[in-house]
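Chemist: The following block contains the structure, expressed as structure tokens.
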Amino acid sequence: MTATSLHRQPLAETPFHPRTSALNRLHNWGAWAGYRTAGCYGDTVMEHTAIRNAASLYDITPMIKYRITGPDAAAYLDRLTVRNVSNLAEKAVHYTAWTDDAGQMMDDGTLFRLGPQDFRLCCQERHLPWLRDSAWGFDVVIADETESVAALALQGPTSAAVLRACGFDIDGLKPFRMAEFAFAETNLLISRTGFTGDLGYELWIPPAQALALWDHLMMQGAPFGLMPVGSDAVMLARTEAGFLTANLDFIPAQQALREDRSRSPLELGLGWMVDWNKGPFTGRRALLAERETGGRWALVGLDIPGNVSAEGAILYHRKTAEAGFITAACWSPTLKRNLALAQVQARHADCRDLWVEIYALRELQYVKLMLPVRATPRPFFAPERRRATPPPAF
Amino acid sequence: MPMPSCDVLVIGGGLNGLACATRLAQTGRKVTLVEAEPETGGATRALPDLAKGVKAPALAHLLWHLDPRVEKAMTLDRHGLAWAARDIATTVLSPLGPLTVTGAQTSGPDAMAWNRLYSRLTRMAERLEPFRRMAPPRLGGGNDWLALARHALGLRLLGAREFRDLLRLVLINAHDVATDELTDPRLRALLCFDATLGAWASPRNPNTLILWLDRLAGQVAGRKQSLSLPKGGLPALAAAMTAAARAAGVTIRTGARVARIDIAADRADGVTLQTGEMLSARIVVSAIGPKPTLLNLVGARHLDAGLVTRLRHQKARGATAKLHLALSAAPDFGTDLRARLLIAPDEQAVDLAFNPVKYGETPAAPVMELLLSSAFEPGHAPEGQHVLSANVQFAPHAPKDAFSAKTSLLAAAMAQLERAAPGIGALVTASDFLMPQDIEARFGMAGGSWHHGDLSVEQMLFLRPLPELSRYATPVAGLWLTGAGTHPGGLSGAAGWNAAEAIERAGA
């Protein structure tokens, strides 16, 4: 197999594949970063229900994982990303983003500080050339460890109970912190992180012990309603939480073909994470200029009347002038609200007199709806249990 | 933060640094110039100790361009600049016999054709010349539209036929023009040699004729296309410019090597010397080249990653080696030594000499430009003796094996000299040979490139050194670039003058 024929090969299997494939009744697979990943095991509604009412297991091995080590690792990441990495404590995680020189979003992701000079950066897209280029002048080593770390997301109100039942004492583990546990003669890393906005954890383990971990979790989790879930249910949950996804809610600048498609973190509502005082970082000068003059776009959360999801819909000011578009939408089973993430032109950031044009399919026939939208704060769904330490029993 | 010790701190005492410092001092700023070497002059400083009583220019040995604004405002004549020779002829050495060319004038079967070609290209070059004396136009706007319109109109006023001809020729390769228009291999060689002198290019590479047009756009002391040698050689020009800078109030510190440019709150506020001494300034202007300035003195962490990558990838490939010889007597080239001598028998020889360089190897028969400054006036070498400086083309900037490349190219160059002037080898009393990497080490020029980065079409005008740096400003407030790495390249002082103008216009 050569690099040029790689794209013709069947999708790679994650270390959990022997289990996930056996459980995937629908054989519903999708591609995620070159891996075969379950879209739905049997019933998305049930899987989403497990995320919000019990516990769910989602194979996140395909997530791109970079290991960044060396004496300059913190300085390097301070230069690469918009947040303050020097302030990130050991065994802590933060959500972050990085931009190109023009201050345009390349990706967002989570940064794990495993040690003083040891980090893991998890993200949606591949960035090795950019990470390597950015490393010039810094004493760091950057390795893609996507294939050498198997990972599971254990999410839902009973997820802490599942871990306790497995023998992992996570009572003291706060959100965005991590801890190591001995398991199957290796180190299991558990971080209190996730993509559902709920109480939840992510578990990181060498591929050789992946199946043992899966079996242990499924066995101990059964009484707590633990259920494997596919991407469809997870994407529904992330929309409820109001989280962004690269290539769905923004086009990574390095992939944008059209000059006006890229967005800055400020335009995506991520200005809160930009540390203006930490010193230079890539894109800082451009973002400073944008802060002065104002961006072109604003990311907003929307409440929409009715129960027809507004996916892909266009937003109009006074029902006539195009003012933006929906990037993610769902009728939320948890909140019983019709929610959406949208990009609107900056001058319409308050969403006053904005209307969404929805084509509702009703028995083979599309009906055009023009509905008023209302700005609503994100995250849409943020239950107390998400933050409570120790986590409640459920 | 102590009070700044000066308004402007200029790094690098080459001709552009001196010109820039002088203009900024003349407009009332307190300017300090720091030069790492014991002498100012950069590429034009004197080579120390080739042999007793032998004075050789360190790198540059002839002047094609001297910006008229610089010459006038610095009153260089009053600071000791005089000319040993103007309108220096070029003699192409060839098995057919030497052919001497002075501007448009030559002899032989192609005399008329050469005259017509030279005049035609000179007319074009003169219309391009004004672009040298301004900050490059910018696609993003913010241009001096009036000047641009004037210069563009000047081009159009060549007339439809000649304007069309210019468009045909501007990106063509020198070799095609030489073979289309000339039959005499010596003239073809001359055209091909001068179009690739100091470049990393074969005359068959596209975009080489424009480099010759750039040379033809030159003027020195009121004379156009006048290859000139100052009295005392190019080090004397450096001395005159240094004196002019001092007279304008510039404080010059030699032997002061900058370790880093100090940056606070994203603003350059001075430099730290290698001795640890800190010099503060409101504005720092660096003439030592975009790459060493930004990559070494500023450092990657103060710059965006994309810029650093583009700068690292910016082409800086010197392909010219420098040979200095002290000679115990006059060599016999079979021609008048008071000329620039070219060892390049025909256009193919120039092309063939470049081929191995593409693969990191050295040519067996390099083409060479020779100058015996001691033939023009006394004082360069003891009575009866001579000093020869040669540009040897082409040399690999990144040879596979640096030592053997240097040894073999030197041997090849000496063999070429021996063929052109039998017995010259026996006259050599001292020698100095610099490969591009030696030039980089001695002069700080990235890749050993004379222009601090290839002067090629894709790195010219608003692309020089990179689009975002093309107006002499850098992303670091208060830090400016000048020198050969910026538009229009070269050591005419134009880049220094333009940069100073940009700083003034910015109100800095």
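Within each chain, counting starts at residue 1; across the structure tokens, chains are named A, B, ... in the order shown, with ligands numbered 1 upward in that order.
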Would you give me, as a PDB file with C-alpha atoms, in the first residue's frame, the residues of chain A that come within 6 Å of chain B, using only C-alpha atoms?
Modeler:
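Okay, result09.pdb is ready:
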```pdb
ATOM      1  CA  ASP A 101      -1.784  34.549  10.316  1.00  0.00           C
ATOM      2  CA  SER A 134       4.866  26.362  13.751  1.00  0.00           C
ATOM      3  CA  GLY A 137      12.425  27.899  16.454  1.00  0.00           C
ATOM      4  CA  PRO A 280       2.455  36.944  20.696  1.00  0.00           C
ATOM      5  CA  THR A 282      -0.229  33.394  15.434  1.00  0.00           C
TER       6      THR A 282
END
```
Chemist: Excluding same-chain residues fewer than 3 positions from region 84-98 of chain A, what lies within 7 Å of it counting only C-alpha atoms, as a list in words?
Modeler: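 Here the answer would be Ala74, Leu77, Asp78, Leu80, Thr81, Met105, Met106, Asp107, Asp108, Gly109, Thr110, Leu111, Phe112, Arg113, Leu114, Gly115, Pro116, Phe176, Arg177, Met178, Ala179, Asp275 and Lys278 of chain A.
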Chemist: Once DSSP has gone over the backbone, tell me which residues of region 49-213 of chain A are in alpha helix (DSSP H), as a ChimeraX atom specification.
Modeler: /A:49-53,73-80,128-134,159-166,210-213
Chemist: May I ask for the distance between CA of Leu63 (chain B) and CA of Gly379 (chain B), given in Å to one decimal place?
Modeler: 18.8 Å
Chemist: List the spatial neighbours of region 311-323 of chain A as a PyMOL selection string - criterion: any atom at most 7 Å away, only C-alpha atoms, same-chain residues fewer than 2 positions off excluded.
Modeler: chain A and resi 309+325-329+344-345+348+353-358
Chemist: What does the file look like for those residues with all heavy atoms, as a short mmCIF file (atom, residue, chain, number, x, y, z; two decimals), in the first residue's frame?
Modeler:
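That gives us selection19.cif:
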```
data_model
loop_
_atom_site.label_atom_id
_atom_site.label_comp_id
_atom_site.auth_asym_id
_atom_site.auth_seq_id
_atom_site.Cartn_x
_atom_site.Cartn_y
_atom_site.Cartn_z
N SER A 309 -37.01 20.85 12.27
CA SER A 309 -35.61 21.23 12.35
C SER A 309 -35.23 22.12 11.17
O SER A 309 -35.65 21.89 10.04
CB SER A 309 -34.74 19.97 12.36
OG SER A 309 -33.40 20.33 12.18
N PHE A 325 -27.32 32.14 7.89
CA PHE A 325 -27.71 30.76 7.58
C PHE A 325 -27.51 29.88 8.80
O PHE A 325 -26.67 30.17 9.66
CB PHE A 325 -26.91 30.23 6.39
CG PHE A 325 -25.43 30.42 6.54
CD1 PHE A 325 -24.65 29.42 7.11
CD2 PHE A 325 -24.82 31.61 6.16
CE1 PHE A 325 -23.29 29.60 7.27
CE2 PHE A 325 -23.46 31.80 6.32
CZ PHE A 325 -22.68 30.79 6.87
N ILE A 326 -28.28 28.82 8.84
CA ILE A 326 -28.22 27.87 9.95
C ILE A 326 -27.10 26.88 9.67
O ILE A 326 -26.96 26.38 8.54
CB ILE A 326 -29.56 27.09 10.04
CG1 ILE A 326 -30.74 28.05 10.13
CG2 ILE A 326 -29.52 26.05 11.16
CD1 ILE A 326 -31.01 28.62 11.47
N THR A 327 -26.27 26.59 10.67
CA THR A 327 -25.20 25.60 10.47
C THR A 327 -25.53 24.28 11.17
O THR A 327 -25.04 23.24 10.78
CB THR A 327 -23.85 26.12 10.99
OG1 THR A 327 -23.97 26.40 12.39
CG2 THR A 327 -23.44 27.40 10.25
N ALA A 328 -26.32 24.33 12.23
CA ALA A 328 -26.71 23.08 12.91
C ALA A 328 -28.08 23.34 13.54
O ALA A 328 -28.35 24.44 14.02
CB ALA A 328 -25.70 22.72 14.00
N ALA A 329 -28.92 22.33 13.51
CA ALA A 329 -30.27 22.53 14.07
C ALA A 329 -30.85 21.19 14.48
O ALA A 329 -30.48 20.15 13.94
CB ALA A 329 -31.17 23.21 13.04
N VAL A 344 -24.80 34.79 11.42
CA VAL A 344 -25.52 35.94 10.87
C VAL A 344 -24.53 37.08 10.65
O VAL A 344 -23.49 37.15 11.31
CB VAL A 344 -26.66 36.41 11.81
CG1 VAL A 344 -27.71 35.33 11.95
CG2 VAL A 344 -26.10 36.82 13.17
N GLN A 345 -24.87 37.93 9.69
CA GLN A 345 -24.03 39.11 9.48
C GLN A 345 -23.98 39.90 10.77
O GLN A 345 -24.97 40.01 11.49
CB GLN A 345 -24.59 39.96 8.34
CG GLN A 345 -24.43 39.28 6.99
CD GLN A 345 -25.40 39.80 5.94
OE1 GLN A 345 -26.06 40.82 6.16
NE2 GLN A 345 -25.50 39.09 4.84
N HIS A 348 -26.62 41.93 12.30
CA HIS A 348 -27.84 41.27 12.73
C HIS A 348 -27.62 40.37 13.95
O HIS A 348 -28.42 39.48 14.22
CB HIS A 348 -28.42 40.43 11.58
CG HIS A 348 -28.86 41.27 10.42
ND1 HIS A 348 -29.81 42.25 10.52
CD2 HIS A 348 -28.45 41.28 9.12
CE1 HIS A 348 -29.98 42.83 9.34
NE2 HIS A 348 -29.16 42.27 8.48
N ASP A 353 -35.95 40.94 14.14
CA ASP A 353 -36.67 40.87 12.86
C ASP A 353 -36.00 39.90 11.89
O ASP A 353 -35.94 40.14 10.69
CB ASP A 353 -36.78 42.26 12.22
CG ASP A 353 -38.06 42.40 11.41
OD1 ASP A 353 -38.81 41.40 11.30
OD2 ASP A 353 -38.30 43.49 10.87
N LEU A 354 -35.44 38.82 12.43
CA LEU A 354 -34.86 37.78 11.58
C LEU A 354 -35.85 36.63 11.45
O LEU A 354 -36.51 36.25 12.42
CB LEU A 354 -33.55 37.25 12.17
CG LEU A 354 -32.29 38.07 11.99
CD1 LEU A 354 -31.07 37.19 12.27
CD2 LEU A 354 -32.19 38.68 10.62
N TRP A 355 -35.89 36.10 10.24
CA TRP A 355 -36.84 35.03 9.92
C TRP A 355 -36.10 33.88 9.29
O TRP A 355 -35.14 34.08 8.54
CB TRP A 355 -37.91 35.56 8.97
CG TRP A 355 -38.72 36.67 9.57
CD1 TRP A 355 -38.31 37.95 9.79
CD2 TRP A 355 -40.05 36.59 10.06
NE1 TRP A 355 -39.28 38.69 10.38
CE2 TRP A 355 -40.39 37.88 10.57
CE3 TRP A 355 -41.00 35.57 10.14
CZ2 TRP A 355 -41.64 38.16 11.12
CZ3 TRP A 355 -42.25 35.86 10.68
CH2 TRP A 355 -42.55 37.15 11.18
N VAL A 356 -36.57 32.69 9.57
CA VAL A 356 -35.93 31.53 8.97
C VAL A 356 -36.91 30.88 7.98
O VAL A 356 -38.10 30.76 8.24
CB VAL A 356 -35.46 30.52 10.05
CG1 VAL A 356 -36.62 29.98 10.86
CG2 VAL A 356 -34.69 29.37 9.41
N GLU A 357 -36.36 30.53 6.83
CA GLU A 357 -37.17 29.92 5.78
C GLU A 357 -36.91 28.41 5.82
O GLU A 357 -35.82 27.95 5.52
CB GLU A 357 -36.77 30.49 4.43
CG GLU A 357 -37.61 30.00 3.28
CD GLU A 357 -37.11 30.57 1.96
OE1 GLU A 357 -35.88 30.57 1.74
OE2 GLU A 357 -37.93 31.01 1.15
N ILE A 358 -37.92 27.66 6.23
CA ILE A 358 -37.77 26.21 6.38
C ILE A 358 -38.65 25.51 5.36
O ILE A 358 -39.82 25.89 5.18
CB ILE A 358 -38.15 25.76 7.80
CG1 ILE A 358 -37.27 26.46 8.84
CG2 ILE A 358 -38.04 24.23 7.94
CD1 ILE A 358 -37.67 26.16 10.27
#
```
Chemist: Hey, what's within 10 Å of region 137-140 of chain B if we count only C-alpha atoms and toss same-chain stuff fewer than 4 positions away? As an mmCIF file with N, CA and C atoms, in the first residue's frame, please?
Modeler:
```cif
data_model
loop_
_atom_site.group_PDB
_atom_site.id
_atom_site.type_symbol
_atom_site.label_atom_id
_atom_site.label_comp_id
_atom_site.auth_asym_id
_atom_site.auth_seq_id
_atom_site.Cartn_x
_atom_site.Cartn_y
_atom_site.Cartn_z
ATOM 1 N N PHE B 131 10.314 52.707 -11.259
ATOM 2 C CA PHE B 131 9.726 51.806 -10.263
ATOM 3 C C PHE B 131 10.746 51.442 -9.178
ATOM 4 N N ASP B 144 0.787 55.018 -4.052
ATOM 5 C CA ASP B 144 0.980 56.368 -4.562
ATOM 6 C C ASP B 144 0.504 56.323 -6.017
ATOM 7 N N TRP B 145 -0.816 56.508 -6.180
ATOM 8 C CA TRP B 145 -1.428 56.270 -7.496
ATOM 9 C C TRP B 145 -0.886 57.223 -8.547
ATOM 10 N N ALA B 147 2.119 58.613 -8.831
ATOM 11 C CA ALA B 147 3.427 58.166 -9.329
ATOM 12 C C ALA B 147 3.282 56.908 -10.165
ATOM 13 N N LEU B 148 2.439 55.995 -9.691
ATOM 14 C CA LEU B 148 2.240 54.751 -10.440
ATOM 15 C C LEU B 148 1.693 55.030 -11.832
ATOM 16 N N LEU B 461 9.534 43.371 -6.765
ATOM 17 C CA LEU B 461 8.480 44.365 -6.556
ATOM 18 C C LEU B 461 7.649 44.049 -5.309
ATOM 19 N N PHE B 462 6.336 43.922 -5.490
ATOM 20 C CA PHE B 462 5.482 43.713 -4.311
ATOM 21 C C PHE B 462 5.597 42.295 -3.762
ATOM 22 N N LEU B 463 6.423 41.485 -4.374
ATOM 23 C CA LEU B 463 6.666 40.143 -3.845
ATOM 24 C C LEU B 463 8.002 40.096 -3.101
ATOM 25 N N PRO B 467 5.113 39.373 0.066
ATOM 26 C CA PRO B 467 4.088 40.406 -0.096
ATOM 27 C C PRO B 467 3.838 41.220 1.176
ATOM 28 N N GLU B 468 3.765 40.541 2.315
ATOM 29 C CA GLU B 468 3.414 41.264 3.540
ATOM 30 C C GLU B 468 4.568 42.102 4.087
ATOM 31 N N SER B 470 6.620 43.841 1.799
ATOM 32 C CA SER B 470 7.174 44.514 0.621
ATOM 33 C C SER B 470 7.226 46.029 0.757
ATOM 34 N N ARG B 471 6.587 46.580 1.793
ATOM 35 C CA ARG B 471 6.595 48.044 1.924
ATOM 36 C C ARG B 471 7.544 48.486 3.036
#
```
Chemist: Quick one: residues within 10 Å of Asp139 (chain A), only C-alpha atoms counted, chain neighbours fewer than 2 positions away excluded, as a PyMOL selection string?
Modeler: chain A and resi 69-73+75-76+135-137+141
Chemist: Residues near Pro175 (chain A), anyone? I mean within 10 Å using only C-alpha atoms, not counting same-chain ones fewer than 6 positions away, as a PyMOL selection string.
Modeler: chain A and resi 92-94+191-194+199-201+386-389+391
Chemist: Skipping near chain neighbours, those fewer than 5 positions away, what residues fall within 9 Å of Ser408 (chain B) using only C-alpha atoms, listed as a ChimeraX atom specification?
Modeler: /B:362-364,403,413
Chemist: For Asn338 (chain A), which residue among A:Leu236, A:Lys174, A:Pro383, A:Phe281 is the nearest when counting only C-alpha atoms?
Modeler: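 Once distances to Asn338 (chain A) are computed over only C-alpha atoms, the minimum belongs to A:Leu236.
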Chemist: Mind dumping a table of every region 352-416 of chain B residue within 12 Å of region 91-99 of chain B, with the nearest atom pair and its distance in Å to one decimal, using only C-alpha atoms, sorted by chain and rising number, as CSV?
Modeler:
```
residue,atom,partner,partner_atom,distance
B:Val367,CA,B:Leu93,CA,10.6
B:Met368,CA,B:Leu93,CA,10.1
B:Glu369,CA,B:Val92,CA,9.3
B:Leu370,CA,B:Thr91,CA,9.8
B:Leu371,CA,B:Thr91,CA,10.7
B:Gln416,CA,B:Leu93,CA,10.8
```
Chemist: Store the residues of this selection in a file with all heavy atoms, as an mmCIF file, in the first residue's frame.
Modeler:
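Listed below is the output, out00.cif:
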```
data_model
loop_
_atom_site.group_PDB
_atom_site.id
_atom_site.type_symbol
_atom_site.label_atom_id
_atom_site.label_comp_id
_atom_site.auth_asym_id
_atom_site.auth_seq_id
_atom_site.Cartn_x
_atom_site.Cartn_y
_atom_site.Cartn_z
ATOM 1 N N VAL B 367 32.072 30.055 -15.875
ATOM 2 C CA VAL B 367 32.201 31.346 -16.555
ATOM 3 C C VAL B 367 32.551 32.382 -15.506
ATOM 4 O O VAL B 367 32.157 32.256 -14.340
ATOM 5 C CB VAL B 367 30.918 31.711 -17.330
ATOM 6 C CG1 VAL B 367 30.768 30.803 -18.543
ATOM 7 C CG2 VAL B 367 29.691 31.626 -16.447
ATOM 8 N N MET B 368 33.319 33.396 -15.917
ATOM 9 C CA MET B 368 33.893 34.289 -14.901
ATOM 10 C C MET B 368 33.903 35.738 -15.357
ATOM 11 O O MET B 368 34.069 36.033 -16.539
ATOM 12 C CB MET B 368 35.344 33.849 -14.589
ATOM 13 C CG MET B 368 35.421 32.431 -14.039
ATOM 14 S SD MET B 368 37.100 31.757 -14.004
ATOM 15 C CE MET B 368 37.916 32.847 -12.869
ATOM 16 N N GLU B 369 33.747 36.616 -14.396
ATOM 17 C CA GLU B 369 33.907 38.055 -14.618
ATOM 18 C C GLU B 369 35.131 38.499 -13.836
ATOM 19 O O GLU B 369 35.207 38.273 -12.625
ATOM 20 C CB GLU B 369 32.674 38.811 -14.114
ATOM 21 C CG GLU B 369 32.767 40.300 -14.272
ATOM 22 C CD GLU B 369 31.738 41.045 -13.423
ATOM 23 O OE1 GLU B 369 31.849 41.021 -12.178
ATOM 24 O OE2 GLU B 369 30.824 41.629 -14.006
ATOM 25 N N LEU B 370 36.075 39.121 -14.521
ATOM 26 C CA LEU B 370 37.334 39.498 -13.866
ATOM 27 C C LEU B 370 37.483 41.010 -13.840
ATOM 28 O O LEU B 370 37.124 41.689 -14.803
ATOM 29 C CB LEU B 370 38.534 38.919 -14.627
ATOM 30 C CG LEU B 370 38.424 37.496 -15.174
ATOM 31 C CD1 LEU B 370 39.688 37.167 -15.969
ATOM 32 C CD2 LEU B 370 38.240 36.510 -14.034
ATOM 33 N N LEU B 371 38.040 41.486 -12.763
ATOM 34 C CA LEU B 371 38.379 42.908 -12.700
ATOM 35 C C LEU B 371 39.732 43.041 -12.026
ATOM 36 O O LEU B 371 39.954 42.505 -10.940
ATOM 37 C CB LEU B 371 37.332 43.689 -11.901
ATOM 38 C CG LEU B 371 37.584 45.195 -11.972
ATOM 39 C CD1 LEU B 371 37.007 45.771 -13.249
ATOM 40 C CD2 LEU B 371 37.031 45.909 -10.752
ATOM 41 N N GLN B 416 40.546 27.792 -15.905
ATOM 42 C CA GLN B 416 39.973 28.741 -16.869
ATOM 43 C C GLN B 416 40.890 29.952 -17.029
ATOM 44 O O GLN B 416 41.123 30.429 -18.146
ATOM 45 C CB GLN B 416 38.595 29.216 -16.388
ATOM 46 C CG GLN B 416 37.482 28.202 -16.489
ATOM 47 C CD GLN B 416 37.026 27.973 -17.928
ATOM 48 O OE1 GLN B 416 37.765 27.346 -18.716
ATOM 49 N NE2 GLN B 416 35.856 28.471 -18.279
#
```
